[in-house]
Amino acid sequence: MRIVVLAGGVGGARMADGFARAVLPEDLTVIVNTGDDFEWHGLLVCPDLDTVMYTLAGIANPETGWGIQGDTWGALEMLGRYGGETWFRIGDRDLATHVYRTFLLRQGLRLSEVTARLCRALGVRAAIWPMSDEPVRTIVETEEGPLPFQEYFVRRGCQPRVRSFRWEGLEGARLSPEARAALEGADLVVIAPSNPYVSIGPILALPGVRELLQDRTVVAVSPIIGGQALKGPAAKMMAELGEAPSALGVARCYRSFLDGFVLDRADAALAPAVEAMGIRPLVTDIVILDPSARARLAEEILRWVAS
């Protein structure tokens, strides 16, 4: 079975890791959100790509879910001495990723080609592709005005109330060729327990993606348990956009192309409402903080789909 995982953030990385432990590397492709990407002191930083890559390489910081385990902060401290902005925390080894990525892009390589080279160097065997080689940037429209995503998420700590989202560069962007080929050949597409607005939303906004999903078996894993996000501001965003924070609200976001929806036992009472939308529910434990839990959930999803 050829599996594609649509992912962003720590939840997406952990779900991708679960499938990487459950299937052969050649059967897994992870398509990653790049709406979070931004330039930091002249370097292109791709937070979601790097979180997925570090997690599958086994070097991610287990306490935060992002960054590299055991990283140091000497470069950031020195940057602060010079008066540079340090609100976005990048460790020394993490910094090497952004330096080398930017160098290769300036040599004319596509972001997909650069990502493949970085993954090979870290021993990642599953395919990880950016959603697009063209820049797409998430802008959060807030009560205080528009904010680039990292300004909203990191610098402002998700504090301003959200009104809507838009994506700069979307009109000139398309699925990367590798991502399109993976979706066209997929037997199963899994939408990871990622933020439906800012992690999965940019992928779905690319031209042709929703149409491709209409012809595939698509299963989504809820990022919301008992009205709370597993990680990040998804529940806060849902509430501020007028949607009751719940697994059911997430299912509604994807209902036009969704075949199955995985929700936690804490939300078992919502399963009939999911089924009433024509979506098959799976109720199980979806907390996947450790590697064994990730593999268990991936294997359970595969058995469920096969049945």
# chains A, B, ... in the order shown; residues from 1 in each chain; ligands from 1
call {"tool": "residues_around", "arguments": {"residues": "Ala269 of chain A", "least_positions_apart": "2", "cutoff": "12 Å", "atoms": "only C-alpha atoms", "output": "MDAnalysis selection string"}}
result
chainID A and resid 225:226 246:248 263:267 271:275 281:283
call {"tool": "select_by_dssp", "arguments": {"residues": "segment 5-69 of chain A", "states": "helix (DSSP H, G or I)", "output": "list in words"}}
result
Gly9, Val10, Gly11, Gly12, Ala13, Arg14, Met15, Ala16, Asp17, Gly18, Phe19, Ala20, Arg21, Ala22, Pro25, Glu26, Asp27, Pro47, Asp48, Leu49, Asp50, Thr51, Val52, Met53, Tyr54, Thr55, Leu56 and Ala57 of chain A
call {"tool": "closest_residue", "arguments": {"among": "A:Ala268, A:Arg166, A:Val219, A:Ala20", "to": "Arg280 of chain A", "atoms": "only C-alpha atoms"}}
result
A:Val219
call {"tool": "residues_around", "arguments": {"residues": "Ile90 of chain A", "least_positions_apart": "3", "cutoff": "8 Å", "atoms": "only C-alpha atoms", "output": "JSON, numbers by chain"}}
result
{"A": [67, 73, 76, 94, 95]}
call {"tool": "residues_around", "arguments": {"residues": "Met237 of chain A", "least_positions_apart": "4", "cutoff": "12 Å", "atoms": "only C-alpha atoms", "output": "PyMOL selection string"}}
result
chain A and resi 140-142+152-153+158-165+195-198+224+227-229+232-233+241-246+249-250
call {"tool": "closest_residue", "arguments": {"among": "A:Gly11, A:Arg117, A:Thr34, A:Asp71", "to": "Pro47 of chain A", "atoms": "only C-alpha atoms"}}
result
A:Thr34
call {"tool": "residues_around", "arguments": {"residues": "Leu212 of chain A", "least_positions_apart": "2", "cutoff": "12 Å", "atoms": "only C-alpha atoms", "output": "compact mmCIF listing (two decimals) with C-alpha atoms, in the first residue's frame"}}
result
# COMPACT_ATOMS: atom_id res chain seq x y z
CA LEU A 175 2.22 21.19 -6.03
CA ALA A 179 4.31 15.68 -4.29
CA ARG A 180 1.88 15.49 -7.20
CA ALA A 181 3.28 12.16 -8.37
CA ALA A 182 2.99 10.77 -4.83
CA LEU A 183 -0.65 11.85 -4.51
CA GLU A 184 -1.52 10.50 -7.94
CA GLY A 185 -0.05 7.12 -7.02
CA ALA A 186 -1.37 6.93 -3.45
CA ASP A 187 -3.53 4.07 -2.23
CA LEU A 188 -4.15 5.88 1.06
CA VAL A 189 -3.82 9.54 2.05
CA ILE A 203 -1.62 22.27 1.25
CA LEU A 204 -5.33 22.05 0.45
CA LEU A 206 -2.84 24.65 -3.72
CA PRO A 207 -4.54 24.28 -7.11
CA GLY A 208 -5.75 20.76 -7.83
CA VAL A 209 -5.09 19.21 -4.42
CA ARG A 210 -8.72 18.84 -3.34
CA GLN A 214 -11.59 13.24 -4.30
CA ASP A 215 -10.26 10.18 -6.14
CA ARG A 216 -8.26 8.72 -3.23
CA THR A 217 -9.04 6.96 0.02
CA VAL A 218 -8.51 9.73 2.58
CA SER A 256 -15.89 17.08 1.00
CA PHE A 257 -13.21 14.45 0.35
CA LEU A 258 -12.94 12.46 3.60
call {"tool": "atom_distance", "arguments": {"atom1": "atom CA of Leu6 of chain A", "atom2": "atom CA of Trp40 of chain A"}}
result
25.4 Å
